[in-house]
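This report concerns only the one structure given below.
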Amino acid sequence: MEQPQQQPPQPEPPQQPARPWPRVFFDGYATAIRSVFFYVLVGNYVGLGALAFEFGFSFWWMAASTLLIWAAPAQVILISTLTTSALVEVALAVTLSSVRFLPMVASLIPLFNAPGVRQRDLLLPMHFTAISVWVEGMRLLPARPRGERVTFYNGLGSGLISGAIIGGAVGFYLAARLPLLLAATLLFFTPMALLMSTARNARALLDRLAFALGLVVGPLVAWLNFGLDLMWTGLIAGSIAYLVHRWREAKSMKATP
Amino acid sequence: MKLMLQDIGPWFALLLIGFLPNEIWRLAGVVLVRGLDEKSQIIIWVRAVATAMLAGVLAQLILSTSGALALIPVGVRIGAACIGFAAFLIARRSVFAGIVAGELSVMAGAYWFGV
């Protein structure tokens, strides 16, 4: 089987005696708290909490929306349009903002394949999948024993989601006092963290190319105003990157028969 | 008739147009790849699509035209992102250095342009 990445093929982690699940879960939780994403999420959700306060939602509604939706862009749309727009429009905008979860979950799920993992065991990891958890999961899961991956990922997700809930609560209370400049720089936190952490994790040519092309194609598609911007960005830039990857693979196979 | 928030209340709205539209995509991801291997070509392609979408989200966030961030001129935002990325590379791929440099630049830029 051809290795998709250019890194030396990683051997499957050795079979160890199974560790009790709370330890694995806590491992994931602790990893989340040490992750740069934890602090980014706190910062980002301080901004969101402030937004929820400004639009008149309750404290518990904000916390529940983080727990149930767990997608910052969708929450921004929901909070800022719910009070003024027709519900159908809001629903459409939220739905389109979250298309990215389909390929994310789809590329993640095969990492969980292991004997004894049932379909319903995947429901919680599926719900925890958001950009931050996905990036960290794709980076860390391959080094974990297969039997521990679901539990570890659930710990990771719980850790990051708790950072977001804390941030939202803090923002809700700070709302009245947050100066505008600080609010704006808090919102800049998210794209910065996304840029750096994805660049750090993208070691294979395929990932780098897909990311760089997405940065170019994204604004282009938005400017052309097709609608469904993110979906087209993903399909166009992702497919070009994949084709280049296939072409290079075919070439290197010819060179070293 | 247009259905508005006051017709269904914030909690039902949260479930119906917050939770549901997100969870549908996640569920579709699980259902579609049942039984596929992580090294199969489809999954490699899907991973590239997901990564490109992530870049699309990033571009949208930096270029966004709404919210408090829109108060900062778009040139400042792009410039700050570039400075941050340069710092990230110079500091041997340190995420922390990149974020700090980007944040300081955007703050300085915002201050300079009187936000």
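By convention in this document, the chains of the structure tokens carry letters A, B, ... by their order, each chain's residues are numbered from 1, and ligands are numbered from 1 in the order they are shown.
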Return as a ChimeraX atom specification the residues belonging to chain B that are within 6 Å of chain A, counting only C-alpha atoms. /B:2-4,17,19,21-22,25-26,29-30,33,37-38,43,45-53,55-56,58-59,68-69,95,99
Any chance you could list, as a count of residues only, the residues in chain B that come up helix (DSSP H, G or I) when DSSP is run on the backbone? 89
Non-local contacts of B:Phe113 (9 Å; only C-alpha atoms; under 6 positions in same chain excluded) as a ChimeraX atom specification: /B:72-73,76
Go ahead and dump the residues you just picked, N, CA and C atoms, as a PDB file, in the first residue's frame.
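Generated output (again_16.pdb):
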ATOM      1  N   ILE B  72     -11.228  47.120  11.711  1.00  0.00           N
ATOM      2  CA  ILE B  72      -9.813  47.220  11.383  1.00  0.00           C
ATOM      3  C   ILE B  72      -9.674  47.107   9.866  1.00  0.00           C
ATOM      4  N   PRO B  73      -8.949  48.033   9.215  1.00  0.00           N
ATOM      5  CA  PRO B  73      -8.836  47.983   7.756  1.00  0.00           C
ATOM      6  C   PRO B  73      -8.318  46.627   7.274  1.00  0.00           C
ATOM      7  N   VAL B  76      -4.586  46.019   7.011  1.00  0.00           N
ATOM      8  CA  VAL B  76      -3.922  45.791   8.291  1.00  0.00           C
ATOM      9  C   VAL B  76      -4.046  44.330   8.699  1.00  0.00           C
TER      10      VAL B  76
END
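In this model, the gap between atom CA of A:Pro22 and atom CA of A:Met138 comes to 21.5 Å.
Between atom CA of A:Ala164 and atom CA of A:Leu140 there is a distance of 20.6 Å.
Of the residues under consideration (B:Leu61, B:Val31, B:Leu16, B:Ala101), B:Ala101 shows the shortest atom-to-atom contact distance to B:Ala80 when counting only C-alpha atoms.
The smallest atom-to-atom distance between A:Arg144 and any of A:Ala114, A:Ser35, A:Glu249, A:Asn225, using only C-alpha atoms, is found for A:Ala114.
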May I ask which of the residues A:Arg139, A:Arg19, A:Arg120, A:Arg248 is the closest one to A:Thr31, counting only C-alpha atoms? A:Arg139
What separation in Å, quoted to one decimal, exists between atom CA of A:Trp134 and atom CA of B:Phe12? 28.2 Å
With only C-alpha atoms as the counted atoms, please give the residues lying no more than 8 Å from A:Asn154, apart from itself and same-chain residues fewer than 4 positions off, as a PyMOL selection string. chain A and resi 25+28+124-125+128+150+158
Could you take the residues named above and write them with C-alpha atoms, as a PDB file, in the first residue's frame?
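part05.pdb was written with the following content:
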ATOM      1  CA  PHE A  25      -9.820   9.954  28.772  1.00  0.00           C
ATOM      2  CA  GLY A  28      -6.898  13.328  26.176  1.00  0.00           C
ATOM      3  CA  LEU A 124     -19.742  11.245  20.576  1.00  0.00           C
ATOM      4  CA  PRO A 125     -16.451  11.697  18.661  1.00  0.00           C
ATOM      5  CA  PHE A 128     -16.896  16.668  19.301  1.00  0.00           C
ATOM      6  CA  VAL A 150     -12.132   6.849  20.672  1.00  0.00           C
ATOM      7  CA  SER A 158     -14.285  17.478  26.315  1.00  0.00           C
TER       8      SER A 158
END
May I ask which of the residues A:Met253, A:Ala143, A:Ala52, A:Ile33 is the closest one to A:Leu160, counting only C-alpha atoms? A:Ile33
